[in-house]
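For reference, the structure is listed below as structure tokens.
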Amino acid sequence: MRIVVNGRDMDVAEGLSVDGLLRELGVKREYTAVAVNRDITPKSAYEATMLRPGDKVEIVRPMGGGQ
Amino acid sequence: MYDTNLVLGGKDFSSRLIVGTGKYASNDIMRQAHEESGAQLVTVAVRRVSLPGSGDSILDFIDTSRYTLLPNTAGCYTADEAIRTAYLAREAGLGDMVKLEVIGDARTLFPDVQGLLEATRTLAREGFTVMPYTNDDPVVAKRLEDAGAACVMPLGAPIGSGLGIRNPYNIKIILETVSVPVIVDAGVGTASDAAIAMELGVDGVLMNTAIAGAKDPVAMARAMRLAVEAGRLAYRAGRIGKKLYATASSPLEGLPDWTS
């Protein structure tokens with residue numbers, strides 16, 4: 001199925017969870033946050049949150065920045 | 001001279017200098033600059049991870065047992081974006097403090113005070129320690145305090161401009177208007193700017209470009225540390241009044257008589 005991750009189209013397996021997506025992408029969990037279709041997914045819900053076709057996923061973490 | 005700490009969100013900070021993490025030539029220079037600055041609060045942006053997800057994290061260069069992270073909402077142009085960014089930061093484990101920015105104009109990066117007030121109200125209600133970047137308007141500063149801001153952060157000059165404290169009189173009025181800490185955020189170009197801000201009586205100064213963009217960021221970080229400390233001390237020492245004419249420091253009595 002097609003989903004959009006950080007603005008990029010991706011083809012992933014049906015029934016992939018947020019946890020599975022992070023694993024597939026090799027994203028470190030520490031200081032990382034995930035939102036699916038604008039709603040934040042709590043860390044405790046990564047495994048239970050199944051992605052659906054067309055979902056927009058944002059994966060963020062701290063980056064250099066000032067004011 | 002004994003001084004109190006800067007208290008924000010129930011945390012005590014003996015340093016009154018807050019520094020950023022952007023624009024450094026390397027993470028290692030950033031780490032050294034942080035060290036020299038003596039800062040205890042370090043602001044970070046929240047951005048999309050690059051994919052695939054391996055690679056350096058800025059947090060490999062910030063010892064979180066020493067520094068408190070202050071996520072910011074830089075780049076947000078609406079209250080909604082800023083609120084979501086604050087929630088993301090909290091979910092990411094960056095804590096409840098947020099340097100709130102709602103930008104109103106891309107060229108000046110001046111704040112959208114209407115969006116800022118709205119976001120401040122919402123986030124304060126949700127238990128965040130809200131530190132809003134605002135303009136040097138005392139009326140807005142008061143409204144932000146009423147909306148639940150933990151401090152107000154008026155700009156000295158536009159972000160990254162290095163123009164210094166352009167309206168010290170407004171900063172003084174803000175100090176008289178609000179009872180929460182006042183932290184000058186943005187505009188500092190060099191050490192004297194930081195000292196001037198502190199001499200006005202503000203509670204702290206936040207800067208990024210002035211350090212990161214200097215030819216020698218590590219040396220400038222130390223200069224800023226000293227300037228903030230010197231300005232604070234001068235403020236607390238109480239400066240003399242300004243007068244137009246001279247006042248002799250040496251007594252006039254006891255001058256030898258050279259007339260013949």
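As shown in the structure tokens, the chain order sets the letters A, B, ...; within each chain, residues go from 1, and ligands are also counted from 1 in the order they appear.
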
What residues in chain A lie within 6 Å of chain B, counting only C-alpha atoms, written as number ranges by chain?
A: 25-27, 31-33, 59-66

In Å to one decimal, how far is atom CA of B:Cys76 from atom CA of B:Arg16?
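Computing it gives 26.0 Å between the two atoms.
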
Nearest residue to B:Ser15 from the set B:Ala221, B:Leu41, B:Leu244, B:Ala214 (distances using only C-alpha atoms)
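Of B:Ala221, B:Leu41, B:Leu244, B:Ala214, the one nearest B:Ser15 is B:Leu41, counting only C-alpha atoms.
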
If I take atom CA of B:Ala195 and atom CA of B:Ala227, how far is one from the other in Å, to one decimal?
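Atom-to-atom, atom CA of B:Ala195 and atom CA of B:Ala227 are spaced 4.9 Å apart.
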
Using DSSP secondary structure from the backbone, list all strand (DSSP E) positions within stretch 70-179 of chain B, as an NGL selection string.
:B and (70-71 or 97-100 or 129-134 or 153-154)

Dump N, CA and C atoms for the selected residues as a CSV table (one decimal), in the first residue's frame?
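Result file out-v9.csv:
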```csv
chain,number,residue,atom,x,y,z
B,70,LEU,N,15.3,22.9,25.4
B,70,LEU,CA,14.2,23.8,25.3
B,70,LEU,C,13.7,23.7,23.8
B,71,PRO,N,12.7,22.8,23.5
B,71,PRO,CA,12.2,22.7,22.1
B,71,PRO,C,11.6,24.0,21.7
B,97,MET,N,8.7,22.3,28.6
B,97,MET,CA,9.0,23.6,28.3
B,97,MET,C,9.0,23.8,26.8
B,98,VAL,N,8.5,25.0,26.4
B,98,VAL,CA,8.5,25.3,24.9
B,98,VAL,C,8.8,26.7,24.7
B,99,LYS,N,9.7,27.0,23.8
B,99,LYS,CA,10.0,28.3,23.3
B,99,LYS,C,9.0,28.5,22.2
B,100,LEU,N,8.0,29.3,22.4
B,100,LEU,CA,6.9,29.3,21.5
B,100,LEU,C,7.1,30.4,20.5
B,129,THR,N,5.2,24.7,30.1
B,129,THR,CA,5.9,26.0,30.5
B,129,THR,C,6.1,26.8,29.2
B,130,VAL,N,5.3,27.8,29.0
B,130,VAL,CA,5.3,28.5,27.7
B,130,VAL,C,6.2,29.7,27.8
B,131,MET,N,7.1,29.7,26.9
B,131,MET,CA,8.1,30.8,26.8
B,131,MET,C,7.9,31.5,25.4
B,132,PRO,N,7.1,32.5,25.3
B,132,PRO,CA,6.8,33.0,24.0
B,132,PRO,C,7.7,34.1,23.5
B,133,TYR,N,8.2,33.9,22.3
B,133,TYR,CA,9.0,34.9,21.6
B,133,TYR,C,8.0,36.0,21.1
B,134,THR,N,8.2,37.2,21.5
B,134,THR,CA,7.3,38.3,21.2
B,134,THR,C,8.0,39.5,20.8
B,153,MET,N,9.5,36.8,26.1
B,153,MET,CA,10.8,36.8,25.4
B,153,MET,C,10.7,37.9,24.3
B,154,PRO,N,10.8,39.2,24.7
B,154,PRO,CA,10.8,40.2,23.6
B,154,PRO,C,12.1,40.1,22.8
```

Might you pull out every residue within 8 Å of A:Ile3, with only C-alpha atoms counted and same-chain residues fewer than 2 positions away left off, and present them as an NGL selection string?
:A and (1 or 5 or 9-12 or 52-57)

Would you mind writing down, as a PDB file with C-alpha atoms, in the first residue's frame, each residue of stretch 14-244 of chain B that DSSP on the backbone assigns to alpha helix (DSSP H)?
```pdb
ATOM      1  CA  ASN B  27      28.418  19.536  16.017  1.00  0.00           C
ATOM      2  CA  ASP B  28      31.759  19.453  17.773  1.00  0.00           C
ATOM      3  CA  ILE B  29      32.151  23.245  17.606  1.00  0.00           C
ATOM      4  CA  MET B  30      28.601  23.526  18.933  1.00  0.00           C
ATOM      5  CA  ARG B  31      29.453  21.274  21.848  1.00  0.00           C
ATOM      6  CA  GLN B  32      32.520  23.342  22.721  1.00  0.00           C
ATOM      7  CA  ALA B  33      30.572  26.589  22.394  1.00  0.00           C
ATOM      8  CA  HIS B  34      27.882  25.288  24.729  1.00  0.00           C
ATOM      9  CA  GLU B  35      30.567  24.378  27.214  1.00  0.00           C
ATOM     10  CA  GLU B  36      32.175  27.841  27.096  1.00  0.00           C
ATOM     11  CA  SER B  37      28.806  29.629  27.273  1.00  0.00           C
ATOM     12  CA  ALA B  79      -1.139  28.748  16.408  1.00  0.00           C
ATOM     13  CA  ASP B  80      -2.258  25.283  15.294  1.00  0.00           C
ATOM     14  CA  GLU B  81       1.167  24.388  13.864  1.00  0.00           C
ATOM     15  CA  ALA B  82       2.921  25.696  16.954  1.00  0.00           C
ATOM     16  CA  ILE B  83       0.612  23.790  19.301  1.00  0.00           C
ATOM     17  CA  ARG B  84       1.104  20.543  17.363  1.00  0.00           C
ATOM     18  CA  THR B  85       4.856  21.053  17.373  1.00  0.00           C
ATOM     19  CA  ALA B  86       4.841  21.548  21.148  1.00  0.00           C
ATOM     20  CA  TYR B  87       2.877  18.328  21.583  1.00  0.00           C
ATOM     21  CA  LEU B  88       5.282  16.475  19.285  1.00  0.00           C
ATOM     22  CA  ALA B  89       8.210  17.775  21.325  1.00  0.00           C
ATOM     23  CA  ARG B  90       6.582  16.624  24.545  1.00  0.00           C
ATOM     24  CA  GLU B  91       5.793  13.212  23.072  1.00  0.00           C
ATOM     25  CA  VAL B 113       0.905  38.127  18.279  1.00  0.00           C
ATOM     26  CA  GLN B 114      -2.671  37.025  17.746  1.00  0.00           C
ATOM     27  CA  GLY B 115      -1.584  33.452  17.012  1.00  0.00           C
ATOM     28  CA  LEU B 116       0.978  33.676  19.780  1.00  0.00           C
ATOM     29  CA  LEU B 117      -1.634  34.590  22.377  1.00  0.00           C
ATOM     30  CA  GLU B 118      -3.923  31.817  21.226  1.00  0.00           C
ATOM     31  CA  ALA B 119      -1.152  29.196  21.337  1.00  0.00           C
ATOM     32  CA  THR B 120       0.084  30.472  24.709  1.00  0.00           C
ATOM     33  CA  ARG B 121      -3.389  30.160  26.214  1.00  0.00           C
ATOM     34  CA  THR B 122      -3.882  26.620  24.907  1.00  0.00           C
ATOM     35  CA  LEU B 123      -0.456  25.291  25.826  1.00  0.00           C
ATOM     36  CA  ALA B 124      -0.431  26.885  29.284  1.00  0.00           C
ATOM     37  CA  ARG B 125      -3.783  25.253  29.974  1.00  0.00           C
ATOM     38  CA  PRO B 138       4.503  45.961  26.690  1.00  0.00           C
ATOM     39  CA  VAL B 139       0.757  45.563  26.060  1.00  0.00           C
ATOM     40  CA  VAL B 140       1.272  42.245  24.298  1.00  0.00           C
ATOM     41  CA  ALA B 141       3.729  41.168  27.013  1.00  0.00           C
ATOM     42  CA  LYS B 142       1.042  41.752  29.641  1.00  0.00           C
ATOM     43  CA  ARG B 143      -1.530  39.820  27.608  1.00  0.00           C
ATOM     44  CA  LEU B 144       0.903  36.920  27.296  1.00  0.00           C
ATOM     45  CA  GLU B 145       1.410  36.901  31.040  1.00  0.00           C
ATOM     46  CA  ASP B 146      -2.358  36.889  31.538  1.00  0.00           C
ATOM     47  CA  PRO B 168      15.752  49.532  25.360  1.00  0.00           C
ATOM     48  CA  TYR B 169      12.989  51.830  26.618  1.00  0.00           C
ATOM     49  CA  ASN B 170      10.273  49.363  25.643  1.00  0.00           C
ATOM     50  CA  ILE B 171      12.212  46.538  27.270  1.00  0.00           C
ATOM     51  CA  LYS B 172      12.321  48.636  30.453  1.00  0.00           C
ATOM     52  CA  ILE B 173       8.579  49.254  30.274  1.00  0.00           C
ATOM     53  CA  ILE B 174       7.983  45.510  29.782  1.00  0.00           C
ATOM     54  CA  LEU B 175      10.045  44.895  32.932  1.00  0.00           C
ATOM     55  CA  GLU B 176       7.751  47.232  34.830  1.00  0.00           C
ATOM     56  CA  THR B 177       4.616  45.757  33.269  1.00  0.00           C
ATOM     57  CA  ALA B 191      28.908  40.873  23.800  1.00  0.00           C
ATOM     58  CA  SER B 192      28.030  44.505  24.530  1.00  0.00           C
ATOM     59  CA  ASP B 193      24.471  43.890  23.277  1.00  0.00           C
ATOM     60  CA  ALA B 194      24.048  41.101  25.813  1.00  0.00           C
ATOM     61  CA  ALA B 195      25.489  43.296  28.561  1.00  0.00           C
ATOM     62  CA  ILE B 196      23.161  46.171  27.635  1.00  0.00           C
ATOM     63  CA  ALA B 197      20.168  43.836  27.829  1.00  0.00           C
ATOM     64  CA  MET B 198      21.202  42.542  31.234  1.00  0.00           C
ATOM     65  CA  GLU B 199      21.953  46.051  32.529  1.00  0.00           C
ATOM     66  CA  LEU B 200      18.346  46.961  31.781  1.00  0.00           C
ATOM     67  CA  THR B 209      23.369  33.342  15.536  1.00  0.00           C
ATOM     68  CA  ALA B 210      25.603  35.736  17.479  1.00  0.00           C
ATOM     69  CA  ILE B 211      27.568  32.744  18.740  1.00  0.00           C
ATOM     70  CA  ALA B 212      27.164  30.204  15.934  1.00  0.00           C
ATOM     71  CA  PRO B 217      32.020  30.582  18.018  1.00  0.00           C
ATOM     72  CA  VAL B 218      33.764  29.035  21.012  1.00  0.00           C
ATOM     73  CA  ALA B 219      35.465  32.330  21.924  1.00  0.00           C
ATOM     74  CA  MET B 220      32.246  34.274  21.316  1.00  0.00           C
ATOM     75  CA  ALA B 221      30.366  31.879  23.593  1.00  0.00           C
ATOM     76  CA  ARG B 222      32.779  32.756  26.381  1.00  0.00           C
ATOM     77  CA  ALA B 223      32.452  36.469  25.601  1.00  0.00           C
ATOM     78  CA  MET B 224      28.682  36.160  25.861  1.00  0.00           C
ATOM     79  CA  ARG B 225      28.903  34.319  29.151  1.00  0.00           C
ATOM     80  CA  LEU B 226      31.069  37.086  30.596  1.00  0.00           C
ATOM     81  CA  ALA B 227      28.850  39.813  29.126  1.00  0.00           C
ATOM     82  CA  VAL B 228      25.685  38.341  30.603  1.00  0.00           C
ATOM     83  CA  GLU B 229      27.386  37.972  33.982  1.00  0.00           C
ATOM     84  CA  ALA B 230      28.866  41.487  33.812  1.00  0.00           C
ATOM     85  CA  GLY B 231      25.574  43.048  32.745  1.00  0.00           C
ATOM     86  CA  ARG B 232      23.681  41.250  35.476  1.00  0.00           C
ATOM     87  CA  LEU B 233      26.202  42.291  38.113  1.00  0.00           C
ATOM     88  CA  ALA B 234      26.189  45.918  36.932  1.00  0.00           C
ATOM     89  CA  TYR B 235      22.394  45.956  37.061  1.00  0.00           C
ATOM     90  CA  ARG B 236      22.365  44.625  40.600  1.00  0.00           C
ATOM     91  CA  ALA B 237      25.232  46.894  41.671  1.00  0.00           C
TER      92      ALA B 237
END
```

Contact residues around B:Asn5 with only C-alpha atoms at 10 Å, ignoring same-chain residues under 2 positions, as a VMD selection string
chain B and resid 2 to 3 7 to 8 11 to 16 203

Any idea what's packed within 10 Å of stretch 19-21 of chain A, counting only C-alpha atoms, ignoring anything in its chain fewer than 3 positions away? Could you give it as a PDB file with C-alpha atoms, in the first residue's frame?
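This went into selection_25.pdb:
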```
ATOM      1  CA  VAL A   5       6.251   9.430   5.254  1.00  0.00           C
ATOM      2  CA  VAL A  12       4.853  -0.638   2.383  1.00  0.00           C
ATOM      3  CA  ALA A  13       3.247  -3.942   3.314  1.00  0.00           C
ATOM      4  CA  GLY A  15      -1.143  -4.009   7.881  1.00  0.00           C
ATOM      5  CA  LEU A  16       2.178  -2.410   8.828  1.00  0.00           C
ATOM      6  CA  GLU A  24      11.849  -0.805   8.644  1.00  0.00           C
ATOM      7  CA  LEU A  25      13.238   2.728   8.376  1.00  0.00           C
ATOM      8  CA  GLY A  26      15.826   2.215  11.099  1.00  0.00           C
ATOM      9  CA  VAL A  27      14.622   5.199  13.090  1.00  0.00           C
ATOM     10  CA  ARG A  29      13.147   5.709  19.194  1.00  0.00           C
ATOM     11  CA  LYS A  43       4.950   5.634  22.044  1.00  0.00           C
ATOM     12  CA  SER A  44       2.816   3.132  23.928  1.00  0.00           C
ATOM     13  CA  ALA A  45       0.524   2.819  20.883  1.00  0.00           C
ATOM     14  CA  TYR A  46       3.164   2.233  18.199  1.00  0.00           C
ATOM     15  CA  GLU A  47       2.520  -1.505  17.975  1.00  0.00           C
ATOM     16  CA  ALA A  48      -1.253  -1.255  18.043  1.00  0.00           C
ATOM     17  CA  THR A  49      -1.472   1.564  15.477  1.00  0.00           C
ATOM     18  CA  MET A  50      -1.949   0.009  12.039  1.00  0.00           C
ATOM     19  CA  LEU A  51      -1.283   2.151   9.009  1.00  0.00           C
ATOM     20  CA  VAL A  57       3.066   9.935   8.674  1.00  0.00           C
TER      21      VAL A  57
END
```
